[in-house]
2 protein chains.
Amino acid sequence: MAASVTVENLNPKVLKCEYAVRGEIVIHAQRRQQQLQTQPGSLPFDEILYCNIGNPQSLGQQPVTFFREVLALCDHPCLLEKEETKSLFSADAISRAKQILATIPGRATGAYSHSQGIKGLRDAIAAGIMSRDGFPANADDIFITDGASPGVHMMMQLLIRNEKDGILCPIPQYPLYSASIALHGGTLVPYYLNEKNGWGLEISDFKTRLEDVRSKGIDVRALVVINPGNPTGQVLAEDNQYDIVKFCKNEGLVLLADEVYQENIYVDNKKFNSFKKIVRSMGYGEDDLPLVSLQSVSKGYYGECGKRGGYMEITGFSAPVREQIYKIASVNLCSNITGQILASLVMNPPKAGDESYASYKAEKDGILESLARRAKALEDAFNKLEGFSCNKAEGAMYLFPQIHLPQKAIEAAKAAKKAPDAFYALRLLESTGIVVVPGSGFGQVPGTWHIRCTILPQEDKIPAVISRFRAFHEAFLAEYRD
Amino acid sequence: MAASVTVENLNPKVLKCEYAVRGEIVIHAQRRQQQLQTQPGSLPFDEILYCNIGNPQSLGQQPVTFFREVLALCDHPCLLEKEETKSLFSADAISRAKQILATIPGRATGAYSHSQGIKGLRDAIAAGIMSRDGFPANADDIFITDGASPGVHMMMQLLIRNEKDGILCPIPQYPLYSASIALHGGTLVPYYLNEKNGWGLEISDFKTRLEDVRSKGIDVRALVVINPGNPTGQVLAEDNQYDIVKFCKNEGLVLLADEVYQENIYVDNKKFNSFKKIVRSMGYGEDDLPLVSLQSVSKGYYGECGKRGGYMEITGFSAPVREQIYKIASVNLCSNITGQILASLVMNPPKAGDESYASYKAEKDGILESLARRAKALEDAFNKLEGFSCNKAEGAMYLFPQIHLPQKAIEAAKAAKKAPDAFYALRLLESTGIVVVPGSGFGQVPGTWHIRCTILPQEDKIPAVISRFRAFHEAFLAEYRD
């Protein structure tokens, strides 16, 4: 008889894969949440506050009305023929829904689409990219996906042959990258972001890492850049981007640009530049550099994580390679049409003159201004905690403060068989109900400890988060002070 | 400088993967469709009829009203507070939407959910399974996914370590299985369905195959059964299912039951039995047999392919193995919420007494009865063509007739460097605009040739499909008769 299925005979790549943002601490938090339901009052807090993941609507952020109006109309197109609809929906949502349905063969939002997504929606996304960058974009280069993650997996699947293929990744990094590289059996080649320099990217560090691993027989195939940064929240300077592009061009690397936080910028002295724009500004065209740019409906001011919409724009790949990417996309037939529609909407929101424009702009500005205030409030609060140092929150949805833990806490963590920052995060959860992810889940300079905390609790809850956090931290230090 | 990206340095598993239902012939059909738009009248037909894929709404099938009402309300919950909504939506759609929103934390349809899907929706799916089977089902065993495909990929990822791990698959098979096994680097171990016996499964054939490959060092890990069959359309007899379960139990194999066509049965003397029901009827419990059952919102009478909803129910896996499955699911965070809601709806449609019940039942019966008539009409038509033999269309959405091609046609195909059935399918497309998939894309007994044709063209088009097909076939035979 054959052996049955045990952990010992599973795919070792699966066993090796880790994904901290939904890891041990989050599973523990879910148990505590159940406990709060079944035994109210049994814990020192009355709610779990999930600051572990960029999931704004789970914490009370409201969806943008215009987007949801269009989705509802596309889901149930019969509404477009009813008189009452005019009083329930804005005129531009109605006309946008009609326009979208007209681009879908047979108006069939329930049909599988082209494997890259509905052509008319890809045209709209390409138009949005062109208006963002000032350089042409082509619907044939767009692959609409269920969120940004499938794009990352597709590229890893394409590029990684075995453990001798390496992917240069920032450390700290969003663990989707380490997980996807592990699942595809490749090697993550780390480059460290410079915390002292606002989590900047140092080209000299790229070069050192590259030469080092090449001497060990690793074929480095791509460089991952996350801009704005996750978990680190920095926004890259334009000069830095030029250097990154030159480096990829010179070294023959695919540039995999995770640009899902492109709308999340909170400081006046920084702006988002897509790598596509940078590459084209430098005069590089299709033949110069393979570039993948990822965008998602889950982030920005829209935060529509549950809709699973996103796209990757691929340029600089030969036709035969593109055919292989198309084939991988085809195996899953297509991404969900609701997410496809939403991806076209976030790249083409209402414009001045549209009926919805004023309310849309008020919703958008309200969310982004509030996020900026929350980021600043948490940054300031972290910097006031003994032993904490937190870089400026320039963008994205996270703070990644460093925590200088007392030796006694480090020993206690060791005794509990936990990384010190995981030990800290678990204690924080048990005392306050606040869920953060330990830095060890993202990677960090050895011997340093961090946590990633989202800026997403609603604004009226921020003071309570800060005071609960402070009270916990002081008690923790009191317990473990050296 | 590193080599840039070429087909030669891509992952060979990607290169090896094939996916015929969106393969060469479909790409060619898309080109012809563009040609029809840019140069109308330049081809001997005026539309492309996609019979290559089970995509009912692309061919004019209308969505079930109740399902779409609930989706629209969940997409834009503000509607629930408006008076006009009562005249636009049925009362039970309104109450169902409220009930669903109440199970979603914060009513946030735009938030990432639990990695397995929203608990309340999994409870609803489990209740639907229990009502279908008469045996308990548990929300913790449900993983809601973007269509059924991600469930297949997850299981292959989990079970396949290297090319020495084998998966027993029917031949002919739906090429998702061969594609997924190729992408994960395993070995497809074929067992042949018996065409002369209505595409039945022969346990003796399983055993021969198993012993044969075991002697070559292959560790067979799972048996895939597609019931009702794709591309073959048969519905398994209960006795046959008992034998399959016993075989898996005796040999220690995971039983991977693709049951996405469970609602598509067109003959009175067959009914669908889930493998879960069969397993439990035999008295086997959690410790006896690892079983994965796949369901999708893309099939059935609903045909909501574009919504990408589905689930897998897993039973008989140990807690540590389940944790690994959960981890893989977590890396992609969650499936789309619209698809999750729809998966809960198709497993819990309106019931007698609900306001929508009569119209829902009329829509459902209308679609299924029409599909049965179309299946029969095409089956009869195929059996009248010289050299065709077509088994009974018992279920699913396809016919898979065998074509006895003249030697001269086989030679012509060879000269054109095509498989004979691919040659036939391409000629069919060029003459009629009808897109079918050659049997070689699914696997077939060597030396036999088939095509897979969906039964999905709308009923008023079936006579034209049949006459165009017949005219083409007669001309083809006239050209190539030996």
# chains A, B, ... in the order shown; residues from 1 in each chain; ligands from 1
>>> select_by_dssp(residues="region 255-337 of chain A", states="strand (DSSP E or B)", output="list in words")
Leu255, Leu256, Ala257, Asp258, Ile265, Leu291, Val292, Ser293, Leu294, Gln295, Ser296, Gly310, Tyr311, Met312, Glu313, Ile314 and Thr315 of chain A
>>> write_last_selection(atoms="N, CA, C and O atoms", output="JSON list (two decimals), in the first residue's frame")
[["chain", "number", "residue", "atom", "x", "y", "z"],
["A", 255, "LEU", "N", 13.31, 43.97, -14.60],
["A", 255, "LEU", "CA", 12.95, 44.86, -13.50],
["A", 255, "LEU", "C", 11.48, 44.62, -13.16],
["A", 255, "LEU", "O", 10.59, 44.85, -13.98],
["A", 256, "LEU", "N", 11.27, 44.09, -11.95],
["A", 256, "LEU", "CA", 9.92, 43.77, -11.50],
["A", 256, "LEU", "C", 9.51, 44.86, -10.51],
["A", 256, "LEU", "O", 9.96, 44.88, -9.36],
["A", 257, "ALA", "N", 8.68, 45.78, -10.99],
["A", 257, "ALA", "CA", 8.35, 46.97, -10.20],
["A", 257, "ALA", "C", 6.97, 46.80, -9.57],
["A", 257, "ALA", "O", 5.95, 46.79, -10.26],
["A", 258, "ASP", "N", 6.98, 46.63, -8.26],
["A", 258, "ASP", "CA", 5.73, 46.53, -7.50],
["A", 258, "ASP", "C", 5.29, 47.95, -7.18],
["A", 258, "ASP", "O", 5.87, 48.60, -6.32],
["A", 265, "ILE", "N", 0.83, 58.43, -1.32],
["A", 265, "ILE", "CA", 1.99, 59.28, -1.03],
["A", 265, "ILE", "C", 1.52, 60.34, -0.02],
["A", 265, "ILE", "O", 0.48, 60.96, -0.24],
["A", 291, "LEU", "N", 10.58, 44.92, -18.47],
["A", 291, "LEU", "CA", 10.02, 45.63, -17.30],
["A", 291, "LEU", "C", 8.62, 45.09, -17.03],
["A", 291, "LEU", "O", 7.81, 44.94, -17.95],
["A", 292, "VAL", "N", 8.36, 44.78, -15.77],
["A", 292, "VAL", "CA", 7.02, 44.37, -15.35],
["A", 292, "VAL", "C", 6.56, 45.36, -14.30],
["A", 292, "VAL", "O", 7.25, 45.57, -13.30],
["A", 293, "SER", "N", 5.42, 45.98, -14.52],
["A", 293, "SER", "CA", 4.89, 46.92, -13.54],
["A", 293, "SER", "C", 3.57, 46.37, -13.00],
["A", 293, "SER", "O", 2.67, 46.01, -13.76],
["A", 294, "LEU", "N", 3.48, 46.30, -11.67],
["A", 294, "LEU", "CA", 2.30, 45.72, -11.03],
["A", 294, "LEU", "C", 1.44, 46.79, -10.38],
["A", 294, "LEU", "O", 1.96, 47.68, -9.70],
["A", 295, "GLN", "N", 0.14, 46.68, -10.58],
["A", 295, "GLN", "CA", -0.80, 47.60, -9.93],
["A", 295, "GLN", "C", -1.97, 46.76, -9.41],
["A", 295, "GLN", "O", -2.22, 45.65, -9.90],
["A", 296, "SER", "N", -2.66, 47.27, -8.40],
["A", 296, "SER", "CA", -3.71, 46.51, -7.72],
["A", 296, "SER", "C", -4.85, 47.44, -7.32],
["A", 296, "SER", "O", -4.60, 48.61, -6.99],
["A", 310, "GLY", "N", -6.34, 43.68, -10.44],
["A", 310, "GLY", "CA", -5.00, 44.22, -10.58],
["A", 310, "GLY", "C", -4.54, 43.95, -11.99],
["A", 310, "GLY", "O", -5.27, 43.35, -12.79],
["A", 311, "TYR", "N", -3.37, 44.43, -12.31],
["A", 311, "TYR", "CA", -2.83, 44.10, -13.63],
["A", 311, "TYR", "C", -1.32, 44.12, -13.58],
["A", 311, "TYR", "O", -0.72, 44.67, -12.63],
["A", 312, "MET", "N", -0.69, 43.47, -14.55],
["A", 312, "MET", "CA", 0.72, 43.73, -14.79],
["A", 312, "MET", "C", 0.87, 44.24, -16.21],
["A", 312, "MET", "O", 0.19, 43.78, -17.12],
["A", 313, "GLU", "N", 1.73, 45.24, -16.38],
["A", 313, "GLU", "CA", 2.07, 45.76, -17.70],
["A", 313, "GLU", "C", 3.46, 45.23, -18.01],
["A", 313, "GLU", "O", 4.40, 45.48, -17.24],
["A", 314, "ILE", "N", 3.59, 44.46, -19.09],
["A", 314, "ILE", "CA", 4.90, 43.92, -19.42],
["A", 314, "ILE", "C", 5.40, 44.53, -20.72],
["A", 314, "ILE", "O", 4.68, 44.58, -21.71],
["A", 315, "THR", "N", 6.61, 45.04, -20.67],
["A", 315, "THR", "CA", 7.24, 45.59, -21.88],
["A", 315, "THR", "C", 8.66, 45.04, -21.95],
["A", 315, "THR", "O", 9.24, 44.65, -20.93]]
>>> residues_around(residues="Thr103 (chain B)", least_positions_apart="3", cutoff="8 Å", atoms="only C-alpha atoms", output="list in words")
Gln99, Ile100, Arg107, Ile118, Lys119, Gly120 and Leu121 of chain B
>>> residues_around(residues="Pro231 (chain B)", least_positions_apart="2", cutoff="7 Å", atoms="only C-alpha atoms", output="PyMOL selection string")
chain B and resi 172-174+229+233+398-400+452
>>> closest_residue(among="A:Val279, A:Ile160, A:Ile337, A:Ile367", to="Gly316 (chain A)", atoms="only C-alpha atoms")
A:Val279
>>> interface_residues(of="chain A", to="chain B", cutoff="6 Å", atoms="only C-alpha atoms", output="PyMOL selection string")
chain A and resi 1-2+4+7+10-11+55+57-58+68+72+75-76+108+110-112+158-161+251-252+304-308+321+336-337
>>> atom_distance(atom1="CA of Pro406 (chain A)", atom2="CA of Leu477 (chain A)")
7.6 Å
>>> atom_distance(atom1="CA of Met282 (chain A)", atom2="CA of Val245 (chain A)")
9.0 Å
>>> residues_around(residues="Arg468 (chain A)", least_positions_apart="4", cutoff="8 Å", atoms="only C-alpha atoms", output="PDB file with all heavy atoms, in the first residue's frame")
ATOM      1  N   THR A 432      -3.225  43.891  24.263  1.00  0.00           N
ATOM      2  CA  THR A 432      -3.995  45.010  23.692  1.00  0.00           C
ATOM      3  C   THR A 432      -4.968  44.606  22.594  1.00  0.00           C
ATOM      4  O   THR A 432      -5.815  45.418  22.211  1.00  0.00           O
ATOM      5  CB  THR A 432      -3.025  46.037  23.061  1.00  0.00           C
ATOM      6  OG1 THR A 432      -2.374  45.394  21.939  1.00  0.00           O
ATOM      7  CG2 THR A 432      -1.980  46.534  24.040  1.00  0.00           C
ATOM      8  N   ALA A 464      -6.612  55.836  20.782  1.00  0.00           N
ATOM      9  CA  ALA A 464      -6.691  54.648  21.650  1.00  0.00           C
ATOM     10  C   ALA A 464      -5.604  53.636  21.288  1.00  0.00           C
ATOM     11  O   ALA A 464      -4.987  53.027  22.173  1.00  0.00           O
ATOM     12  CB  ALA A 464      -8.076  54.009  21.535  1.00  0.00           C
ATOM     13  N   PHE A 472       1.255  49.272  26.921  1.00  0.00           N
ATOM     14  CA  PHE A 472       1.860  47.948  26.800  1.00  0.00           C
ATOM     15  C   PHE A 472       3.375  48.055  26.791  1.00  0.00           C
ATOM     16  O   PHE A 472       4.067  47.324  27.509  1.00  0.00           O
ATOM     17  CB  PHE A 472       1.392  47.239  25.523  1.00  0.00           C
ATOM     18  CG  PHE A 472       2.333  46.137  25.106  1.00  0.00           C
ATOM     19  CD1 PHE A 472       2.360  44.938  25.805  1.00  0.00           C
ATOM     20  CD2 PHE A 472       3.249  46.321  24.071  1.00  0.00           C
ATOM     21  CE1 PHE A 472       3.267  43.937  25.465  1.00  0.00           C
ATOM     22  CE2 PHE A 472       4.156  45.324  23.722  1.00  0.00           C
ATOM     23  CZ  PHE A 472       4.169  44.124  24.420  1.00  0.00           C
TER      24      PHE A 472
END
>>> atom_distance(atom1="CA of Ala419 (chain A)", atom2="CA of Lys216 (chain A)")
29.3 Å
>>> residues_around(residues="region 386-390 of chain A", least_positions_apart="6", cutoff="9 Å", atoms="only C-alpha atoms", output="list in words")
Glu379, Asp380, Leu399, Phe400, Pro401, Gln402, Ile403, His404, Leu405, Pro406, His450, His473, Glu474 and Leu477 of chain A
>>> select_by_dssp(residues="region 9-218 of chain A", states="helix (DSSP H, G or I)", output="mmCIF file with C-alpha atoms, in the first residue's frame")
data_model
loop_
_atom_site.group_PDB
_atom_site.id
_atom_site.type_symbol
_atom_site.label_atom_id
_atom_site.label_comp_id
_atom_site.auth_asym_id
_atom_site.auth_seq_id
_atom_site.Cartn_x
_atom_site.Cartn_y
_atom_site.Cartn_z
ATOM 1 C CA ASN A 9 5.897 13.473 2.059
ATOM 2 C CA PRO A 12 9.362 20.501 0.410
ATOM 3 C CA LYS A 13 8.977 23.824 -1.414
ATOM 4 C CA VAL A 14 5.574 24.198 0.232
ATOM 5 C CA LEU A 15 7.017 23.365 3.628
ATOM 6 C CA LYS A 16 9.776 25.927 3.125
ATOM 7 C CA ALA A 20 4.090 36.097 7.892
ATOM 8 C CA VAL A 21 1.275 38.544 7.211
ATOM 9 C CA ARG A 22 -1.094 35.618 7.672
ATOM 10 C CA GLU A 24 1.255 32.388 13.459
ATOM 11 C CA ILE A 25 0.333 35.685 15.112
ATOM 12 C CA VAL A 26 -2.672 36.204 12.868
ATOM 13 C CA ILE A 27 -3.913 32.667 13.459
ATOM 14 C CA HIS A 28 -3.535 33.327 17.192
ATOM 15 C CA ALA A 29 -5.468 36.605 16.817
ATOM 16 C CA GLN A 30 -8.311 34.750 15.084
ATOM 17 C CA ARG A 31 -8.503 32.376 18.051
ATOM 18 C CA ARG A 32 -8.652 35.312 20.453
ATOM 19 C CA GLN A 33 -11.394 36.880 18.342
ATOM 20 C CA GLN A 34 -13.450 33.705 18.647
ATOM 21 C CA GLN A 35 -12.812 33.759 22.385
ATOM 22 C CA LEU A 36 -14.138 37.330 22.567
ATOM 23 C CA GLN A 37 -17.315 36.120 20.889
ATOM 24 C CA THR A 38 -17.853 33.028 23.016
ATOM 25 C CA PRO A 56 -8.516 49.186 4.781
ATOM 26 C CA GLN A 57 -12.172 48.221 4.431
ATOM 27 C CA SER A 58 -11.861 45.599 7.170
ATOM 28 C CA LEU A 59 -11.149 48.494 9.521
ATOM 29 C CA THR A 65 -19.310 55.284 -4.257
ATOM 30 C CA PHE A 66 -18.786 55.744 -8.004
ATOM 31 C CA PHE A 67 -16.809 52.509 -8.328
ATOM 32 C CA ARG A 68 -19.443 50.492 -6.498
ATOM 33 C CA GLU A 69 -22.277 52.032 -8.494
ATOM 34 C CA VAL A 70 -20.637 50.920 -11.727
ATOM 35 C CA LEU A 71 -19.958 47.430 -10.362
ATOM 36 C CA ALA A 72 -23.558 46.959 -9.223
ATOM 37 C CA LEU A 73 -24.881 48.058 -12.621
ATOM 38 C CA CYS A 74 -22.488 45.724 -14.454
ATOM 39 C CA ASP A 75 -23.461 42.852 -12.165
ATOM 40 C CA PRO A 77 -27.415 45.074 -16.253
ATOM 41 C CA CYS A 78 -31.232 44.770 -16.232
ATOM 42 C CA LEU A 79 -31.131 47.766 -13.884
ATOM 43 C CA LEU A 80 -30.049 49.948 -16.808
ATOM 44 C CA GLU A 81 -33.442 49.515 -18.403
ATOM 45 C CA THR A 85 -32.300 53.394 -11.585
ATOM 46 C CA LYS A 86 -31.866 57.045 -12.520
ATOM 47 C CA SER A 87 -32.755 58.124 -9.016
ATOM 48 C CA LEU A 88 -30.544 55.483 -7.357
ATOM 49 C CA ALA A 91 -25.660 59.647 -14.358
ATOM 50 C CA ASP A 92 -21.966 59.104 -15.054
ATOM 51 C CA ALA A 93 -22.016 55.714 -13.282
ATOM 52 C CA ILE A 94 -24.891 54.719 -15.569
ATOM 53 C CA SER A 95 -23.114 55.917 -18.690
ATOM 54 C CA ARG A 96 -19.826 54.312 -17.581
ATOM 55 C CA ALA A 97 -21.563 50.979 -16.972
ATOM 56 C CA LYS A 98 -23.139 51.161 -20.432
ATOM 57 C CA GLN A 99 -19.794 51.996 -21.966
ATOM 58 C CA ILE A 100 -18.114 49.064 -20.186
ATOM 59 C CA LEU A 101 -20.878 46.626 -21.127
ATOM 60 C CA ALA A 102 -20.570 47.749 -24.740
ATOM 61 C CA THR A 103 -16.905 46.681 -24.753
ATOM 62 C CA PRO A 105 -18.651 40.725 -26.126
ATOM 63 C CA GLY A 106 -22.377 40.015 -25.710
ATOM 64 C CA ARG A 107 -22.403 42.327 -22.618
ATOM 65 C CA LYS A 119 -9.784 44.036 -24.517
ATOM 66 C CA GLY A 120 -11.875 47.177 -23.950
ATOM 67 C CA LEU A 121 -10.904 47.255 -20.271
ATOM 68 C CA ARG A 122 -7.246 46.794 -21.163
ATOM 69 C CA ASP A 123 -7.599 49.718 -23.583
ATOM 70 C CA ALA A 124 -8.977 51.796 -20.718
ATOM 71 C CA ILE A 125 -6.114 50.748 -18.415
ATOM 72 C CA ALA A 126 -3.561 51.564 -21.124
ATOM 73 C CA ALA A 127 -5.180 54.993 -21.548
ATOM 74 C CA GLY A 128 -4.934 55.506 -17.774
ATOM 75 C CA ILE A 129 -1.244 54.549 -17.780
ATOM 76 C CA MET A 130 -0.578 56.911 -20.674
ATOM 77 C CA SER A 131 -2.308 59.761 -18.928
ATOM 78 C CA ARG A 132 -0.315 59.001 -15.740
ATOM 79 C CA ASP A 133 3.088 58.714 -17.437
ATOM 80 C CA ALA A 139 -3.516 47.014 -24.270
ATOM 81 C CA ASP A 140 -1.538 44.014 -25.567
ATOM 82 C CA ASP A 141 0.999 44.592 -22.781
ATOM 83 C CA SER A 149 -0.117 38.463 -6.527
ATOM 84 C CA PRO A 150 -0.850 36.254 -9.578
ATOM 85 C CA GLY A 151 1.375 38.524 -11.698
ATOM 86 C CA VAL A 152 4.257 37.938 -9.298
ATOM 87 C CA HIS A 153 3.663 34.177 -9.342
ATOM 88 C CA MET A 154 3.482 34.111 -13.150
ATOM 89 C CA MET A 155 6.812 35.893 -13.500
ATOM 90 C CA MET A 156 8.488 33.667 -10.910
ATOM 91 C CA GLN A 157 7.074 30.601 -12.622
ATOM 92 C CA LEU A 158 8.419 31.852 -15.943
ATOM 93 C CA LEU A 159 11.912 32.823 -14.796
ATOM 94 C CA PRO A 175 6.755 38.215 1.971
ATOM 95 C CA LEU A 176 4.774 37.442 -1.180
ATOM 96 C CA TYR A 177 8.157 37.595 -2.904
ATOM 97 C CA SER A 178 9.978 35.225 -0.592
ATOM 98 C CA ALA A 179 6.949 32.907 -0.591
ATOM 99 C CA SER A 180 6.658 32.868 -4.373
ATOM 100 C CA ILE A 181 10.402 32.327 -4.862
ATOM 101 C CA ALA A 182 10.305 29.459 -2.346
ATOM 102 C CA LEU A 183 7.260 27.864 -3.987
ATOM 103 C CA GLU A 195 17.302 52.212 7.288
ATOM 104 C CA LYS A 196 19.569 55.109 8.278
ATOM 105 C CA ASN A 197 19.028 56.647 4.850
ATOM 106 C CA ILE A 203 23.198 50.556 -6.101
ATOM 107 C CA SER A 204 26.617 49.664 -4.730
ATOM 108 C CA ASP A 205 24.937 47.082 -2.503
ATOM 109 C CA PHE A 206 23.153 45.584 -5.546
ATOM 110 C CA LYS A 207 26.483 45.185 -7.284
ATOM 111 C CA THR A 208 28.189 43.566 -4.324
ATOM 112 C CA ARG A 209 25.335 41.097 -3.883
ATOM 113 C CA LEU A 210 25.210 40.323 -7.569
ATOM 114 C CA GLU A 211 28.939 39.633 -7.872
ATOM 115 C CA ASP A 212 28.908 37.593 -4.713
ATOM 116 C CA VAL A 213 26.112 35.262 -5.786
ATOM 117 C CA ARG A 214 27.297 35.039 -9.383
ATOM 118 C CA SER A 215 30.606 33.756 -8.093
#
>>> closest_residue(among="A:Ala409, A:Ile171, A:Val465, A:Val225", to="Ile434 (chain A)", atoms="only C-alpha atoms")
A:Val465
>>> closest_residue(among="A:Arg373, A:Gly353, A:Lys277, A:Phe45", to="Pro463 (chain A)", atoms="only C-alpha atoms")
A:Arg373
>>> residues_around(residues="Ala475 (chain A)", least_positions_apart="3", cutoff="12 Å", atoms="only C-alpha atoms", output="MDAnalysis selection string")
chainID A and resid 385:386 424 427:428 431:432 468:472 478:481
>>> write_last_selection(atoms="N, CA, C and O atoms", output="mmCIF file, in the first residue's frame")
data_model
loop_
_atom_site.group_PDB
_atom_site.id
_atom_site.type_symbol
_atom_site.label_atom_id
_atom_site.label_comp_id
_atom_site.auth_asym_id
_atom_site.auth_seq_id
_atom_site.Cartn_x
_atom_site.Cartn_y
_atom_site.Cartn_z
ATOM 1 N N LEU A 385 8.303 56.442 21.851
ATOM 2 C CA LEU A 385 8.441 55.271 22.731
ATOM 3 C C LEU A 385 9.921 54.986 22.968
ATOM 4 O O LEU A 385 10.732 55.024 22.025
ATOM 5 N N GLU A 386 10.250 54.671 24.190
ATOM 6 C CA GLU A 386 11.641 54.361 24.537
ATOM 7 C C GLU A 386 12.124 53.179 23.695
ATOM 8 O O GLU A 386 11.461 52.136 23.616
ATOM 9 N N TYR A 424 7.648 39.905 21.055
ATOM 10 C CA TYR A 424 7.088 41.230 21.375
ATOM 11 C C TYR A 424 5.682 41.363 20.777
ATOM 12 O O TYR A 424 4.740 41.801 21.439
ATOM 13 N N ARG A 427 3.116 39.305 22.662
ATOM 14 C CA ARG A 427 2.775 39.940 23.943
ATOM 15 C C ARG A 427 1.874 41.154 23.722
ATOM 16 O O ARG A 427 0.934 41.404 24.485
ATOM 17 N N LEU A 428 2.171 41.920 22.662
ATOM 18 C CA LEU A 428 1.341 43.082 22.316
ATOM 19 C C LEU A 428 -0.101 42.636 22.045
ATOM 20 O O LEU A 428 -1.056 43.233 22.554
ATOM 21 N N SER A 431 -1.916 41.612 25.225
ATOM 22 C CA SER A 431 -2.238 42.706 26.143
ATOM 23 C C SER A 431 -3.255 43.672 25.581
ATOM 24 O O SER A 431 -4.030 44.275 26.330
ATOM 25 N N THR A 432 -3.225 43.891 24.263
ATOM 26 C CA THR A 432 -3.995 45.010 23.692
ATOM 27 C C THR A 432 -4.968 44.606 22.594
ATOM 28 O O THR A 432 -5.815 45.418 22.211
ATOM 29 N N ARG A 468 -2.968 52.515 24.042
ATOM 30 C CA ARG A 468 -2.848 51.089 24.402
ATOM 31 C C ARG A 468 -1.432 50.582 24.106
ATOM 32 O O ARG A 468 -0.855 49.811 24.884
ATOM 33 N N PHE A 469 -0.923 51.016 22.958
ATOM 34 C CA PHE A 469 0.420 50.592 22.568
ATOM 35 C C PHE A 469 1.445 51.093 23.594
ATOM 36 O O PHE A 469 2.306 50.334 24.059
ATOM 37 N N ARG A 470 1.307 52.386 23.971
ATOM 38 C CA ARG A 470 2.278 52.975 24.897
ATOM 39 C C ARG A 470 2.236 52.266 26.245
ATOM 40 O O ARG A 470 3.268 51.897 26.804
ATOM 41 N N ALA A 471 1.024 52.042 26.732
ATOM 42 C CA ALA A 471 0.878 51.386 28.035
ATOM 43 C C ALA A 471 1.514 49.996 27.999
ATOM 44 O O ALA A 471 2.252 49.601 28.916
ATOM 45 N N PHE A 472 1.255 49.272 26.921
ATOM 46 C CA PHE A 472 1.860 47.948 26.800
ATOM 47 C C PHE A 472 3.375 48.055 26.791
ATOM 48 O O PHE A 472 4.067 47.324 27.509
ATOM 49 N N ALA A 478 9.212 47.664 31.619
ATOM 50 C CA ALA A 478 9.320 47.539 33.073
ATOM 51 C C ALA A 478 9.615 46.089 33.450
ATOM 52 O O ALA A 478 10.425 45.801 34.341
ATOM 53 N N GLU A 479 8.994 45.164 32.710
ATOM 54 C CA GLU A 479 9.193 43.744 33.016
ATOM 55 C C GLU A 479 10.596 43.279 32.606
ATOM 56 O O GLU A 479 11.214 42.474 33.308
ATOM 57 N N TYR A 480 11.087 43.769 31.471
ATOM 58 C CA TYR A 480 12.308 43.188 30.912
ATOM 59 C C TYR A 480 13.518 44.112 30.926
ATOM 60 O O TYR A 480 14.554 43.770 30.363
ATOM 61 N N ARG A 481 13.381 45.283 31.560
ATOM 62 C CA ARG A 481 14.510 46.213 31.523
ATOM 63 C C ARG A 481 15.773 45.520 32.034
ATOM 64 O O ARG A 481 15.732 44.791 33.010
#
